[in-house]
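Peer 1: Please find one structure pasted underneath; my questions will follow.
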Amino acid sequence: MTDNDLSLIQDNPWDELRAHTSARIALGRVGSSLPTHEVLKFGLAHAQARDAVHRPLDFNDLKHQLRAESFRTLQAHSNAEDRQTYLLRPDYGRHLHNDSRLYLEHELAAPELAIVIADGLSSIAAQRHALPLLLAFREQFDTDWANTPVVLAEQGRVAIGDGIAVALRARMVVVMIGERPGLSSPDSLGVYLTFQPKLGSMDSQRNCISNVRPQGLPYTQAAIKLNYLVRESLRLQLSGVALKDDSNLLKI
């Protein structure tokens, strides 16, 4: 190839931007269609997203991992009896099953904080990221961890944390849950905190930290945000739209 030939090669102006995002931009084309490798990558991403939604969370494995790290674990179930019901009836996933309520009411006496790990819409997110995040948060937040319950909630959505907190008489609840998978992020973990939760708490009363995963918001940064929000929530005795995340202003 001569120097004249090299001069005809033009850099793709999208290459630099594509190096910083997994979003599907500037995919190119072959005739009127996408390149074959991009079609195959899309098919793989779609299959991974479907797997994330339908794959069950291995609660026994997660329970053993948590107990190995000295967390006090409890288990609960929503009103959705199986995955199919969970997907078809979101309202069932928001409510704690009565048997679980009775079980939790006799477990602990009014902890300051209750932590809930729920499968949500991406079980692999909870499987992969809940424990590393919890370990990072434990290093940040000083509390009576021996009496802080970690409740594994099967077929649960965010609001199931309200019923769990009410049953435990907890002052605050933090729900770690698998978020709805995208085509570039099938394993994104969301974290929701609510001060003085009650049945029927509105989403405006919660704070959210989203996209917790190594390729998104790393565990350490997510733990810093969570620690800040929990401390401020307890100090101000509120959460939701009235509680602002100013953790980026901290000197670390």
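Just so we're on the same page: first chain in the structure tokens is A, next is B, and so on; residues restart at 1 for each chain, and ligands are numbered from 1 in the order they show up.
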Do a neighbour search on Leu189 (chain A) at 6 Å with only C-alpha atoms, toss out local chain neighbours closer than 4 positions, and write the hits as an MDAnalysis selection string.
Peer 2: chainID A and resid 125 177:179 211:212
Peer 1: For the residues selected in the previous step, produce a file with N, CA and C atoms as an mmCIF file, in the first residue's frame.
Peer 2:
data_model
loop_
_atom_site.group_PDB
_atom_site.id
_atom_site.type_symbol
_atom_site.label_atom_id
_atom_site.label_comp_id
_atom_site.auth_asym_id
_atom_site.auth_seq_id
_atom_site.Cartn_x
_atom_site.Cartn_y
_atom_site.Cartn_z
ATOM 1 N N ALA A 125 -28.387 -9.864 38.336
ATOM 2 C CA ALA A 125 -27.880 -8.642 38.954
ATOM 3 C C ALA A 125 -27.772 -8.811 40.460
ATOM 4 N N ILE A 177 -32.164 -4.575 44.263
ATOM 5 C CA ILE A 177 -33.028 -5.337 43.372
ATOM 6 C C ILE A 177 -32.519 -5.292 41.938
ATOM 7 N N GLY A 178 -32.725 -6.402 41.227
ATOM 8 C CA GLY A 178 -32.341 -6.447 39.826
ATOM 9 C C GLY A 178 -33.237 -5.549 38.988
ATOM 10 N N GLU A 179 -32.607 -4.652 38.221
ATOM 11 C CA GLU A 179 -33.365 -3.721 37.397
ATOM 12 C C GLU A 179 -33.775 -4.366 36.075
ATOM 13 N N ASN A 211 -27.962 1.297 38.237
ATOM 14 C CA ASN A 211 -26.873 0.802 37.389
ATOM 15 C C ASN A 211 -25.624 0.450 38.181
ATOM 16 N N VAL A 212 -25.822 -0.220 39.312
ATOM 17 C CA VAL A 212 -24.688 -0.654 40.127
ATOM 18 C C VAL A 212 -24.137 -1.945 39.530
#
Peer 1: Leaving out Arg94 (chain A) and any residue of its chain fewer than 5 positions from it, which residues lie within 7 Å of it when counting only C-alpha atoms, given as a VMD selection string?
Peer 2: chain A and resid 78 156 to 160
Peer 1: For a test of reading the model, state the distance in Å between CA of Arg171 (chain A) and CA of Ala110 (chain A), rounded to one decimal.
Peer 2: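 Straight-line distance from CA of Arg171 (chain A) to CA of Ala110 (chain A) works out to 7.2 Å.
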Peer 1: What's the separation between CA of Pro13 (chain A) and CA of Val30 (chain A), in Å to one decimal place?
Peer 2: 18.4 Å
Peer 1: May I have the residues within 10 Å of Leu57 (chain A) as a list in words, using only C-alpha atoms and disregarding those fewer than 3 positions away in the same chain?
Peer 2: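 Residues near the query, excluding close chain neighbours: Ala52, His54, Asn60, Asp61, Leu62, Ala118, Asp119, Gly120, Ser122, Ser123, Ile124, Ala125, Ala126, Gln127, Glu154 and Gln155 of chain A.
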Peer 1: So the first atom is CA of Asn207 (chain A) and the second is CA of Pro186 (chain A); what is the distance between them in Å, to one decimal place?
Peer 2: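 Atom-to-atom, CA of Asn207 (chain A) to CA of Pro186 (chain A), that is 22.0 Å.
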Peer 1: Apply DSSP to the structure's backbone, then extract all residues of region 57-248 of chain A labelled helix (DSSP H, G or I) and return them as a ChimeraX atom specification.
Peer 2: /A:59-68,83-88,90-93,98-105,123-140,145-147,160-168,203-205,219-236,247-248
Peer 1: I'd like to know which of A:Ser33, A:Ala153, A:Ser233, A:Leu40 is closest to Ala80 (chain A), using only C-alpha atoms.
Peer 2: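 For Ala80 (chain A), the nearest of the given residues is A:Ala153.
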Peer 1: Tell me which of A:Val150, A:Ala114, A:Leu104, A:Leu133 sits closest to Lys63 (chain A), counting only C-alpha atoms.
Peer 2: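 Smallest distance to Lys63 (chain A) is found for A:Val150.
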Peer 1: Where does DSSP see strand (DSSP E) in region 11-210 of chain A, if you list the residues as a short mmCIF file (atom, residue, chain, number, x, y, z; two decimals) with C-alpha atoms, in the first residue's frame?
Peer 2:
data_model
loop_
_atom_site.label_atom_id
_atom_site.label_comp_id
_atom_site.auth_asym_id
_atom_site.auth_seq_id
_atom_site.Cartn_x
_atom_site.Cartn_y
_atom_site.Cartn_z
CA ARG A 72 -27.97 -12.20 59.59
CA THR A 73 -30.20 -13.47 56.79
CA LEU A 74 -33.93 -14.07 56.68
CA GLN A 75 -36.14 -15.15 53.80
CA ALA A 76 -39.50 -13.94 52.56
CA HIS A 77 -41.82 -14.34 49.59
CA LEU A 113 -32.08 -0.54 59.24
CA ALA A 114 -33.43 -3.48 57.27
CA ILE A 115 -31.82 -4.56 54.01
CA VAL A 116 -33.78 -6.43 51.37
CA ILE A 117 -32.27 -8.28 48.42
CA ALA A 118 -34.89 -9.08 45.79
CA PRO A 149 -31.44 -8.19 59.03
CA VAL A 150 -30.73 -8.98 55.39
CA VAL A 151 -33.98 -10.32 53.97
CA LEU A 152 -33.92 -12.35 50.75
CA ALA A 153 -37.24 -11.61 49.05
CA GLU A 154 -38.33 -14.05 46.35
CA MET A 172 -35.48 2.47 57.37
CA VAL A 173 -35.33 -0.04 54.54
CA VAL A 174 -32.80 -0.42 51.73
CA VAL A 175 -33.89 -2.60 48.82
CA MET A 176 -31.27 -4.01 46.45
CA ILE A 177 -33.03 -5.34 43.37
CA GLY A 178 -32.34 -6.45 39.83
CA LEU A 189 -28.62 -3.58 40.21
CA GLY A 190 -30.84 -0.85 41.63
CA VAL A 191 -30.86 0.34 45.26
CA TYR A 192 -33.88 2.04 46.84
CA LEU A 193 -34.04 3.51 50.33
CA THR A 194 -37.12 4.64 52.22
CA PHE A 195 -37.29 6.33 55.63
CA ARG A 206 -37.77 6.79 47.95
CA ASN A 207 -34.24 7.54 46.80
CA CYS A 208 -32.68 5.45 44.07
CA ILE A 209 -29.13 4.52 43.08
CA SER A 210 -29.15 2.74 39.73
#
